[in-house]
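Below you'll find the structure, written out as structure tokens, and then a few comments.
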Amino acid sequence: MDGIIKVLYDMSASMILPTTAAFAIAAIGLNVHFGFTGLLNMGQAGFMLIGAYGFAISIGAGLPFWAAFLIAVLAGIAFALLLGIPTLKLRGDYLAIVTIAAAEIVRMIGRASVLNDVTGGSNGLPGENFRNPFSDLSFFGDGQTTLLWFTFDNTGVNGWWSRAVTWLMVLVFALLVWLLMRSPWGRVIKSIREDEDAVRSLGKSVFSFKMQALVVGGVLGSIGGVMYILPTSLQPDSMGRNMTFLIWTAMLLGGAATIFGPILGTLVFFATRIFVQGGMRLFVPDEILNTQQTEQFSWIVVGVALMLLVIFRPQGMIGNKKELNFNV
Amino acid sequence: MVNQPVLAQTRWKWSRTLVVAIVGMLIAAFWTLSQPANSFAAETTGPCVADSATGCFNGTIKGVGAGVKIVISGNGAEVIAVTDADGKWNAAVTTAGTYTLTLDEATLPAGVTMKSEATQTRDITLGFNKGAVFTVNGGTDGGESSTDGDTGSGTETAATGFNWDRLAQQSVSGLRLGLLLALASIGLSLIYGTTGLSNFAHAEQVTLGGLLAFTFSNVMGINIFLTTAIVVVLTGFTGWIQDVIIWKPLRKKGLSLTQLLIVTIGLALALQYAFQIFYGARTLRIVLANPETVTFGPVTLTIESLWAMGVSIVVIAAVGYFLTRTRTGRATRAVSDNPALASASGIDVDRIIRLVWIMSAALAGLSGVMLGLVLNGISWQTGMQLLLLMFSAVTLGGLGTAFGALVGSLVIGMTVELSNMVLPGDFKYATALLLLIIILLVRPQGLFGRKERIG
């Protein structure tokens, strides 16, 4: 019984983690790319990583929080432009291959030992290097607070402050995307997804609109990256290809081309993983699968879930099949 | 069946020119290999004395001085070696097998960075010394490290900086990587050509080949040639079963290509972790004997590498013959050109696609075995690390063209190994990926692709 309660606690705790929120922000960004514009971005983790490096290195150079945050955003914009120029005129699967390659390039450069002094090489940068300016902004004070069944520090490394800020950001960005998508700009974006040629015949520059969408989603990715490393540390190898695939799974799970889909998907995704892992630990004896193997098993579940989802329910939990365009 | 390979005819010329070009390149490579010159190989004993119960790892890191730590781990043991004032280090282990040597980069003096990989894998036999070479940039002697007798008998004694000997060695390594990549990427390209699918799970077929080879050769002790044959049959079977239970039903269900692409990503993810559950995260050796090397002039290669290159060339030539000279092969290219038209002219498209899946999976499996032999070990991520290189190769040659994939692979293999001469080892894959992006900027259809494919 205790074990079950612990799994339930872990599940609920994982749903309010700041890293979960950071994931949701990146998923919202990916949704702007894929869900609304129909761009097959397979390098969202690269956007996160470049934002994270931009932020962490700037703080390390002594810049104040806001300047560093701005640099992270600018880094995301620059990366989007760099990626968009060669690929947005090509067919979708080229964009997929180029974005995944570019994300890997960022990771490989970041972990190169030549840049050890700047990026920390393959060890990355520890959280203490860049966390303090963010914690200093907190007006939550010291001590601990209990809300529902959660007790956390108000400001500490992994406390209420980072939870409040990141989840507030999630809501703000969701609102922003909602406003954008019902604006004339959003209607053009969605019609590019539906029929590029029709949009072109109306005299709109498809390339330019796609680029703008790539920038918007990419900036959200970079911000997600910054928020992701704040409570933890910057580890280039943990922000590789698989992270992109997880963001995709989360977004498709909730429902692409919806406002709340990516957020819902992220929540369910993390809770389910903890559920699978915790449940296996409880009920499957160690001789069959040890702790490490239960974690690996939970990743197999993620992979199979992604396959089944795309085959049988591409619109996800709350999506609308008509709003999806998989024919990029 | 096609009596008149109308669609294929235009590309015949290309394929012929290519076959000639490739044969030329190979002849040139073997000529280079057979040039006589004095060999170099050195073996010394460090303060660690190797005896029947001890094996010694040793080496010298030039220009770093004392205090640099190297962690040697594997076979349940972990030994830490520290360099002395001359940069020499050694460590004793008491179990034979494969060890991972990791240079702790945090212990390098300020301003000194790694030039070689910071993590290397070496095998050791008790009673022997094994050298491992780590090279650095910015050391007190300019970072130049040479094989001067202190560095031991590491099979990859990598000198730094430019010289002709190194150019020759790296070119041959590039050719080797290119050939092995080609084995895998021809399949990737054929699948793309006939079904339009970008198969992200193709790399796992490569890994599967290597891991199965480990099972048969290392665990069950079967002869390596027989193992290779069994693995090719088994992986070919996985290709068949995949098409039967996944890809054909999905094609019939009318899933779009993007959906299928994401399905392959899910499959890749599931397979990677399944490999980890069954085989663990370690690097596994296919053949237990220590690799023997052969020296041709400036180039030193392991016997396994020579075999791998030879087998690749033969198999690639056979695939080329199949595609250009047999009815089924021509039908395959016709499907690749235009499935609807091929179907209308009486080709059984589904049968061809199934054949392509079997062939691709078998080729990938073979590539995995060869990679495992060449890299001296296979792990759950061996294929995954090469996936993007395969995509680069296929895109470079032109998506969907088998001959393009071959040329693309050779170019990518060369790029990876040659960039190593000017750039630190960390950047070698990044260079190849950058090449991919530049190609897309300049010639998006690839070297041998046609414009309509990029739409």
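Chain labels run A, B, ... following the order of the structure tokens; each chain numbers its residues from 1, and ligands are numbered from 1 in the order shown.
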
DSSP-assigned alpha helix (DSSP H) among stretch 30-236 of chain A, expressed as an NGL selection string: :A and (30 or 44-60 or 65-87 or 92-110 or 116-119 or 128-136 or 160-181 or 184-194 or 196-201 or 206-229)

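The chain A residues that come within 7 Å of chain B are Pro86, Leu90, Arg91, Val98, Ala101, Ile105, Met108, Ile109, Ala112, Ser113, Val114, Gln293, Gln296, Phe297, Trp299, Ile300, Gly303, Val304, Leu306, Met307, Val310, Phe326, Asn327 and Val328 of chain A, with only C-alpha atoms taken into account.
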
Could those residues be written to a file, using C-alpha atoms, as a PDB file, in the first residue's frame?
ATOM      1  CA  PRO A  86      18.589  26.261 -46.601  1.00  0.00           C
ATOM      2  CA  LEU A  90      12.567  22.068 -49.657  1.00  0.00           C
ATOM      3  CA  ARG A  91      10.165  19.269 -48.901  1.00  0.00           C
ATOM      4  CA  VAL A  98      18.587  19.040 -41.433  1.00  0.00           C
ATOM      5  CA  ALA A 101      21.595  17.156 -37.931  1.00  0.00           C
ATOM      6  CA  ILE A 105      26.035  19.683 -34.438  1.00  0.00           C
ATOM      7  CA  MET A 108      28.800  17.963 -30.571  1.00  0.00           C
ATOM      8  CA  ILE A 109      30.291  21.445 -30.561  1.00  0.00           C
ATOM      9  CA  ALA A 112      33.899  19.261 -27.608  1.00  0.00           C
ATOM     10  CA  SER A 113      36.807  19.326 -25.214  1.00  0.00           C
ATOM     11  CA  VAL A 114      38.392  22.261 -27.043  1.00  0.00           C
ATOM     12  CA  GLN A 293      16.004  -2.217 -16.515  1.00  0.00           C
ATOM     13  CA  GLN A 296      14.833   1.060 -19.857  1.00  0.00           C
ATOM     14  CA  PHE A 297      11.526  -0.746 -20.074  1.00  0.00           C
ATOM     15  CA  TRP A 299      11.526   3.927 -22.542  1.00  0.00           C
ATOM     16  CA  ILE A 300      10.446   0.950 -24.618  1.00  0.00           C
ATOM     17  CA  GLY A 303       8.684   4.135 -28.126  1.00  0.00           C
ATOM     18  CA  VAL A 304       5.814   1.713 -28.629  1.00  0.00           C
ATOM     19  CA  LEU A 306       4.646   6.771 -29.966  1.00  0.00           C
ATOM     20  CA  MET A 307       4.177   4.196 -32.731  1.00  0.00           C
ATOM     21  CA  VAL A 310       0.720   7.926 -34.617  1.00  0.00           C
ATOM     22  CA  PHE A 326       0.837  14.830 -41.863  1.00  0.00           C
ATOM     23  CA  ASN A 327       1.452  15.241 -45.566  1.00  0.00           C
ATOM     24  CA  VAL A 328       4.352  17.615 -45.415  1.00  0.00           C
TER      25      VAL A 328
END

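With only C-alpha atoms as the atoms that count, the residue of A:Asp10, A:Asp153, A:Asp142, A:Asp2 with the shortest distance to A:Ile274 is A:Asp10.
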
9 Å contact set for B:Gly210, only C-alpha atoms, chain neighbours under 2 positions out, as JSON, numbers by chain: {"B": [205, 206, 207, 208, 212, 213, 214, 215, 231, 286, 365, 366, 367, 368, 369, 370, 371, 372, 373, 377, 378, 379, 382, 383]}

Could those selected residues go to a file with N, CA and C atoms, as a PDB file, in the first residue's frame?
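Printed below is out19.pdb as written:
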ATOM      1  N   GLN B 205      18.926  -1.712 -37.115  1.00  0.00           N
ATOM      2  CA  GLN B 205      19.219  -2.942 -37.848  1.00  0.00           C
ATOM      3  C   GLN B 205      20.723  -3.190 -37.856  1.00  0.00           C
ATOM      4  N   VAL B 206      21.483  -2.107 -37.977  1.00  0.00           N
ATOM      5  CA  VAL B 206      22.944  -2.222 -37.945  1.00  0.00           C
ATOM      6  C   VAL B 206      23.382  -2.745 -36.580  1.00  0.00           C
ATOM      7  N   THR B 207      22.872  -2.103 -35.522  1.00  0.00           N
ATOM      8  CA  THR B 207      23.230  -2.528 -34.172  1.00  0.00           C
ATOM      9  C   THR B 207      22.839  -3.986 -33.958  1.00  0.00           C
ATOM     10  N   LEU B 208      21.640  -4.343 -34.418  1.00  0.00           N
ATOM     11  CA  LEU B 208      21.162  -5.717 -34.253  1.00  0.00           C
ATOM     12  C   LEU B 208      22.143  -6.698 -34.876  1.00  0.00           C
ATOM     13  N   LEU B 212      23.909  -9.532 -32.649  1.00  0.00           N
ATOM     14  CA  LEU B 212      23.711 -10.953 -32.953  1.00  0.00           C
ATOM     15  C   LEU B 212      25.053 -11.625 -33.197  1.00  0.00           C
ATOM     16  N   ALA B 213      25.945 -10.913 -33.868  1.00  0.00           N
ATOM     17  CA  ALA B 213      27.272 -11.472 -34.104  1.00  0.00           C
ATOM     18  C   ALA B 213      27.974 -11.729 -32.781  1.00  0.00           C
ATOM     19  N   PHE B 214      27.798 -10.813 -31.835  1.00  0.00           N
ATOM     20  CA  PHE B 214      28.364 -11.019 -30.496  1.00  0.00           C
ATOM     21  C   PHE B 214      27.813 -12.310 -29.891  1.00  0.00           C
ATOM     22  N   THR B 215      26.487 -12.476 -30.003  1.00  0.00           N
ATOM     23  CA  THR B 215      25.858 -13.666 -29.423  1.00  0.00           C
ATOM     24  C   THR B 215      26.427 -14.941 -30.027  1.00  0.00           C
ATOM     25  N   VAL B 231      24.071 -14.230 -39.223  1.00  0.00           N
ATOM     26  CA  VAL B 231      23.545 -12.901 -38.914  1.00  0.00           C
ATOM     27  C   VAL B 231      22.850 -12.302 -40.133  1.00  0.00           C
ATOM     28  N   ILE B 286      33.003  -8.875 -30.477  1.00  0.00           N
ATOM     29  CA  ILE B 286      32.515  -9.985 -31.288  1.00  0.00           C
ATOM     30  C   ILE B 286      33.542 -11.108 -31.306  1.00  0.00           C
ATOM     31  N   GLY B 365      22.577  -5.474 -41.368  1.00  0.00           N
ATOM     32  CA  GLY B 365      23.104  -6.433 -40.403  1.00  0.00           C
ATOM     33  C   GLY B 365      24.561  -6.760 -40.685  1.00  0.00           C
ATOM     34  N   LEU B 366      24.858  -6.965 -41.967  1.00  0.00           N
ATOM     35  CA  LEU B 366      26.238  -7.244 -42.361  1.00  0.00           C
ATOM     36  C   LEU B 366      27.139  -6.077 -41.977  1.00  0.00           C
ATOM     37  N   SER B 367      26.639  -4.878 -42.255  1.00  0.00           N
ATOM     38  CA  SER B 367      27.399  -3.679 -41.896  1.00  0.00           C
ATOM     39  C   SER B 367      27.665  -3.645 -40.393  1.00  0.00           C
ATOM     40  N   GLY B 368      26.664  -4.070 -39.610  1.00  0.00           N
ATOM     41  CA  GLY B 368      26.831  -4.088 -38.157  1.00  0.00           C
ATOM     42  C   GLY B 368      27.929  -5.049 -37.726  1.00  0.00           C
ATOM     43  N   VAL B 369      27.955  -6.243 -38.343  1.00  0.00           N
ATOM     44  CA  VAL B 369      29.001  -7.206 -38.001  1.00  0.00           C
ATOM     45  C   VAL B 369      30.362  -6.615 -38.311  1.00  0.00           C
ATOM     46  N   MET B 370      30.461  -6.031 -39.512  1.00  0.00           N
ATOM     47  CA  MET B 370      31.751  -5.480 -39.946  1.00  0.00           C
ATOM     48  C   MET B 370      32.175  -4.323 -39.040  1.00  0.00           C
ATOM     49  N   LEU B 371      31.200  -3.472 -38.692  1.00  0.00           N
ATOM     50  CA  LEU B 371      31.514  -2.347 -37.802  1.00  0.00           C
ATOM     51  C   LEU B 371      32.006  -2.862 -36.453  1.00  0.00           C
ATOM     52  N   GLY B 372      31.333  -3.891 -35.961  1.00  0.00           N
ATOM     53  CA  GLY B 372      31.730  -4.465 -34.682  1.00  0.00           C
ATOM     54  C   GLY B 372      33.158  -4.988 -34.732  1.00  0.00           C
ATOM     55  N   LEU B 373      33.535  -5.564 -35.876  1.00  0.00           N
ATOM     56  CA  LEU B 373      34.897  -6.072 -36.000  1.00  0.00           C
ATOM     57  C   LEU B 373      35.902  -4.934 -36.139  1.00  0.00           C
ATOM     58  N   GLY B 377      34.283  -3.789 -31.209  1.00  0.00           N
ATOM     59  CA  GLY B 377      33.232  -3.901 -30.204  1.00  0.00           C
ATOM     60  C   GLY B 377      31.947  -3.278 -30.709  1.00  0.00           C
ATOM     61  N   ILE B 378      30.851  -3.707 -30.115  1.00  0.00           N
ATOM     62  CA  ILE B 378      29.556  -3.180 -30.543  1.00  0.00           C
ATOM     63  C   ILE B 378      28.755  -2.881 -29.282  1.00  0.00           C
ATOM     64  N   SER B 379      27.989  -1.807 -29.318  1.00  0.00           N
ATOM     65  CA  SER B 379      27.123  -1.531 -28.172  1.00  0.00           C
ATOM     66  C   SER B 379      25.763  -1.119 -28.696  1.00  0.00           C
ATOM     67  N   THR B 382      25.882   1.820 -31.230  1.00  0.00           N
ATOM     68  CA  THR B 382      26.812   1.889 -32.356  1.00  0.00           C
ATOM     69  C   THR B 382      26.102   2.374 -33.622  1.00  0.00           C
ATOM     70  N   GLY B 383      24.951   1.774 -33.914  1.00  0.00           N
ATOM     71  CA  GLY B 383      24.223   2.154 -35.119  1.00  0.00           C
ATOM     72  C   GLY B 383      23.686   3.560 -35.017  1.00  0.00           C
TER      73      GLY B 383
END

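For A:Ala78, the list of residues within 10 Å, based on only C-alpha atoms and with local chain neighbours fewer than 4 positions off taken out, reads Ile50, Ala72, Val73, Leu74, Leu82, Leu83, Gly84, Val215, Gly218 and Val219 of chain A.
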
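Proximity ranking of B:Ala92, B:Val79, B:Val71, B:Ile222 relative to B:Gly55 places B:Ala92 first, based on only C-alpha atoms.
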
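Around stretch 343-357 of chain B, within 9 Å and counting only C-alpha atoms, the residues found are Met1, Val2, Gly187, Leu190, Ile191, Thr194, Thr195, Gly236, Thr238, Gly239, Trp240, Gln242, Asp243, Val244, Lys248, Thr328, Gly329, Ala331, Thr332, Ala334, Val335, Asn338, Pro339, Ala361 and Ala362 of chain B, once anything fewer than 4 positions away on its own chain is removed.
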
How would the residues just picked look written out with N, CA and C atoms as a short mmCIF file (atom, residue, chain, number, x, y, z; two decimals), in the first residue's frame?
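Okay, this is what ended up in result-v3.cif:
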data_model
loop_
_atom_site.label_atom_id
_atom_site.label_comp_id
_atom_site.auth_asym_id
_atom_site.auth_seq_id
_atom_site.Cartn_x
_atom_site.Cartn_y
_atom_site.Cartn_z
N MET B 1 6.32 -8.43 -65.35
CA MET B 1 7.71 -7.96 -65.21
C MET B 1 8.06 -6.98 -66.33
N VAL B 2 9.05 -6.20 -66.11
CA VAL B 2 9.45 -5.24 -67.14
C VAL B 2 10.29 -5.94 -68.20
N GLY B 187 20.80 0.34 -48.33
CA GLY B 187 19.49 -0.15 -47.92
C GLY B 187 18.55 0.98 -47.56
N LEU B 190 17.41 2.51 -50.73
CA LEU B 190 16.47 1.68 -51.48
C LEU B 190 15.08 1.75 -50.84
N ILE B 191 15.04 1.71 -49.51
CA ILE B 191 13.73 1.81 -48.84
C ILE B 191 13.11 3.16 -49.14
N THR B 194 11.86 3.13 -52.85
CA THR B 194 10.68 2.34 -53.22
C THR B 194 9.45 2.71 -52.41
N THR B 195 9.62 3.16 -51.16
CA THR B 195 8.42 3.44 -50.35
C THR B 195 8.30 4.90 -49.93
N GLY B 236 18.08 -10.42 -42.33
CA GLY B 236 17.21 -10.40 -43.50
C GLY B 236 15.80 -10.82 -43.12
N THR B 238 14.46 -10.40 -40.17
CA THR B 238 13.81 -9.30 -39.43
C THR B 238 13.26 -8.27 -40.41
N GLY B 239 13.96 -8.08 -41.53
CA GLY B 239 13.43 -7.17 -42.54
C GLY B 239 12.11 -7.68 -43.10
N TRP B 240 12.06 -8.98 -43.38
CA TRP B 240 10.85 -9.59 -43.92
C TRP B 240 9.70 -9.46 -42.92
N GLN B 242 9.38 -7.44 -40.45
CA GLN B 242 8.97 -6.04 -40.26
C GLN B 242 7.98 -5.61 -41.34
N ASP B 243 8.30 -6.01 -42.59
CA ASP B 243 7.41 -5.60 -43.66
C ASP B 243 6.06 -6.30 -43.52
N VAL B 244 6.10 -7.56 -43.09
CA VAL B 244 4.83 -8.28 -42.95
C VAL B 244 3.97 -7.70 -41.85
N LYS B 248 3.77 -3.22 -44.33
CA LYS B 248 2.75 -3.45 -45.34
C LYS B 248 1.35 -3.08 -44.84
N THR B 328 14.80 -8.58 -61.66
CA THR B 328 14.25 -8.12 -60.39
C THR B 328 14.90 -6.80 -59.98
N GLY B 329 16.20 -6.71 -60.20
CA GLY B 329 16.91 -5.49 -59.85
C GLY B 329 16.39 -4.31 -60.64
N ALA B 331 13.47 -4.13 -61.97
CA ALA B 331 12.12 -3.87 -61.48
C ALA B 331 12.19 -3.02 -60.21
N THR B 332 13.18 -3.31 -59.37
CA THR B 332 13.34 -2.53 -58.14
C THR B 332 13.57 -1.07 -58.47
N ALA B 334 12.72 0.41 -61.17
CA ALA B 334 11.52 0.96 -61.77
C ALA B 334 10.53 1.38 -60.69
N VAL B 335 10.38 0.55 -59.66
CA VAL B 335 9.49 0.91 -58.56
C VAL B 335 10.00 2.18 -57.88
N ASN B 338 9.00 5.20 -60.16
CA ASN B 338 7.59 5.56 -60.19
C ASN B 338 6.75 4.32 -59.90
N PRO B 339 6.32 4.16 -58.64
CA PRO B 339 5.62 2.94 -58.25
C PRO B 339 4.35 2.71 -59.06
N ALA B 361 17.68 -4.85 -44.69
CA ALA B 361 17.95 -5.29 -43.32
C ALA B 361 19.18 -6.19 -43.30
N ALA B 362 19.30 -7.06 -44.31
CA ALA B 362 20.46 -7.96 -44.33
C ALA B 362 21.75 -7.18 -44.53
#

Selection: 10 Å around A:Arg131, only C-alpha atoms, excl. self and same-chain fewer than 5 positions, as an MDAnalysis selection string: chainID A and resid 56 59 65 126 136 157 229:233

Give me a file of those residues, with N, CA and C atoms, as a short mmCIF file (atom, residue, chain, number, x, y, z; two decimals), in the first residue's frame.
data_model
loop_
_atom_site.label_atom_id
_atom_site.label_comp_id
_atom_site.auth_asym_id
_atom_site.auth_seq_id
_atom_site.Cartn_x
_atom_site.Cartn_y
_atom_site.Cartn_z
N ALA A 56 23.49 30.14 -20.06
CA ALA A 56 24.47 29.75 -19.04
C ALA A 56 25.81 30.44 -19.27
N ILE A 59 25.55 34.19 -18.31
CA ILE A 59 25.60 34.38 -16.85
C ILE A 59 27.04 34.17 -16.37
N PHE A 65 20.63 38.66 -15.23
CA PHE A 65 19.66 37.66 -15.66
C PHE A 65 18.96 38.03 -16.95
N PRO A 126 27.59 22.94 -14.35
CA PRO A 126 26.76 22.68 -13.17
C PRO A 126 25.81 23.83 -12.91
N ASP A 136 17.79 34.80 -7.14
CA ASP A 136 17.82 36.11 -6.50
C ASP A 136 16.60 36.95 -6.83
N VAL A 157 16.90 25.39 -4.79
CA VAL A 157 17.25 24.88 -6.11
C VAL A 157 16.01 24.40 -6.87
N ILE A 229 17.29 23.91 -17.70
CA ILE A 229 18.57 23.74 -17.00
C ILE A 229 18.59 24.46 -15.65
N LEU A 230 17.70 25.44 -15.45
CA LEU A 230 17.78 26.23 -14.21
C LEU A 230 17.71 25.36 -12.95
N PRO A 231 16.74 24.47 -12.81
CA PRO A 231 16.71 23.68 -11.58
C PRO A 231 17.68 22.50 -11.60
N THR A 232 18.27 22.20 -12.75
CA THR A 232 19.17 21.04 -12.81
C THR A 232 20.57 21.49 -13.19
N SER A 233 21.06 21.04 -14.30
CA SER A 233 22.36 21.50 -14.80
C SER A 233 22.34 21.33 -16.30
#

Residue neighbourhood stretch 162-179 of chain A, 7 Å, only C-alpha atoms, exclusion window fewer than 5 positions, as a VMD selection string: chain A and resid 16 to 18 21 to 22 24 to 25 227 259

Any chance you can output those residues with C-alpha atoms as an mmCIF file, in the first residue's frame?
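Result went into again_13.cif, see below:
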data_model
loop_
_atom_site.group_PDB
_atom_site.id
_atom_site.type_symbol
_atom_site.label_atom_id
_atom_site.label_comp_id
_atom_site.auth_asym_id
_atom_site.auth_seq_id
_atom_site.Cartn_x
_atom_site.Cartn_y
_atom_site.Cartn_z
ATOM 1 C CA ILE A 16 4.448 19.986 -11.273
ATOM 2 C CA LEU A 17 8.220 19.772 -11.716
ATOM 3 C CA PRO A 18 9.786 22.868 -13.271
ATOM 4 C CA ALA A 21 6.979 22.885 -17.380
ATOM 5 C CA ALA A 22 10.118 23.567 -19.405
ATOM 6 C CA ALA A 24 5.781 21.859 -22.003
ATOM 7 C CA ILE A 25 7.159 25.198 -23.215
ATOM 8 C CA MET A 227 14.013 26.886 -17.827
ATOM 9 C CA ILE A 259 -3.581 25.086 -27.560
#

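Atom to atom, atom CA of B:Ile246 and atom CA of A:Phe312 stand 12.9 Å apart.
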
Sel. of strand (DSSP E or B) residues, stretch 102-245 of chain A, as number ranges by chain: A: 125, 144-147, 150-153, 234

Export of the given selection (N, CA and C atoms) as a compact mmCIF listing (two decimals), in the first residue's frame:
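Listing of again-v5.txt after writing:
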# COMPACT_ATOMS: atom_id res chain seq x y z
N LEU A 125 27.71 22.18 -17.76
CA LEU A 125 27.91 23.21 -16.75
C LEU A 125 27.02 22.91 -15.55
N GLN A 144 9.95 26.92 4.07
CA GLN A 144 9.25 25.94 3.26
C GLN A 144 7.75 26.20 3.29
N THR A 145 7.07 25.80 2.28
CA THR A 145 5.63 25.95 2.25
C THR A 145 5.02 24.61 1.84
N THR A 146 3.89 24.28 2.44
CA THR A 146 3.21 23.06 2.06
C THR A 146 1.91 23.42 1.35
N LEU A 147 1.74 22.86 0.19
CA LEU A 147 0.54 23.11 -0.59
C LEU A 147 0.02 21.74 -0.97
N PHE A 150 2.32 18.61 -1.11
CA PHE A 150 3.69 18.89 -1.51
C PHE A 150 4.34 19.85 -0.54
N THR A 151 5.54 19.53 -0.12
CA THR A 151 6.31 20.47 0.69
C THR A 151 7.63 20.73 -0.01
N PHE A 152 7.86 21.98 -0.35
CA PHE A 152 9.12 22.34 -0.99
C PHE A 152 9.66 23.61 -0.39
N ASP A 153 10.96 23.85 -0.61
CA ASP A 153 11.54 25.15 -0.25
C ASP A 153 10.83 26.23 -1.04
N LEU A 234 23.34 21.91 -16.96
CA LEU A 234 23.36 21.82 -18.41
C LEU A 234 24.18 20.60 -18.81

Quick one: which stretch 263-282 of chain A residues come within 10 Å of stretch 255-258 of chain A, and what is the nearest atom pair for each with the distance in Å to one decimal, counting only C-alpha atoms, rows ordered by chain and ascending number, as JSON lines?
{"residue": "A:Ile263", "atom": "CA", "partner": "A:Gly255", "partner_atom": "CA", "distance": 9.3}
{"residue": "A:Leu264", "atom": "CA", "partner": "A:Gly255", "partner_atom": "CA", "distance": 8.4}
{"residue": "A:Gly265", "atom": "CA", "partner": "A:Gly255", "partner_atom": "CA", "distance": 7.1}
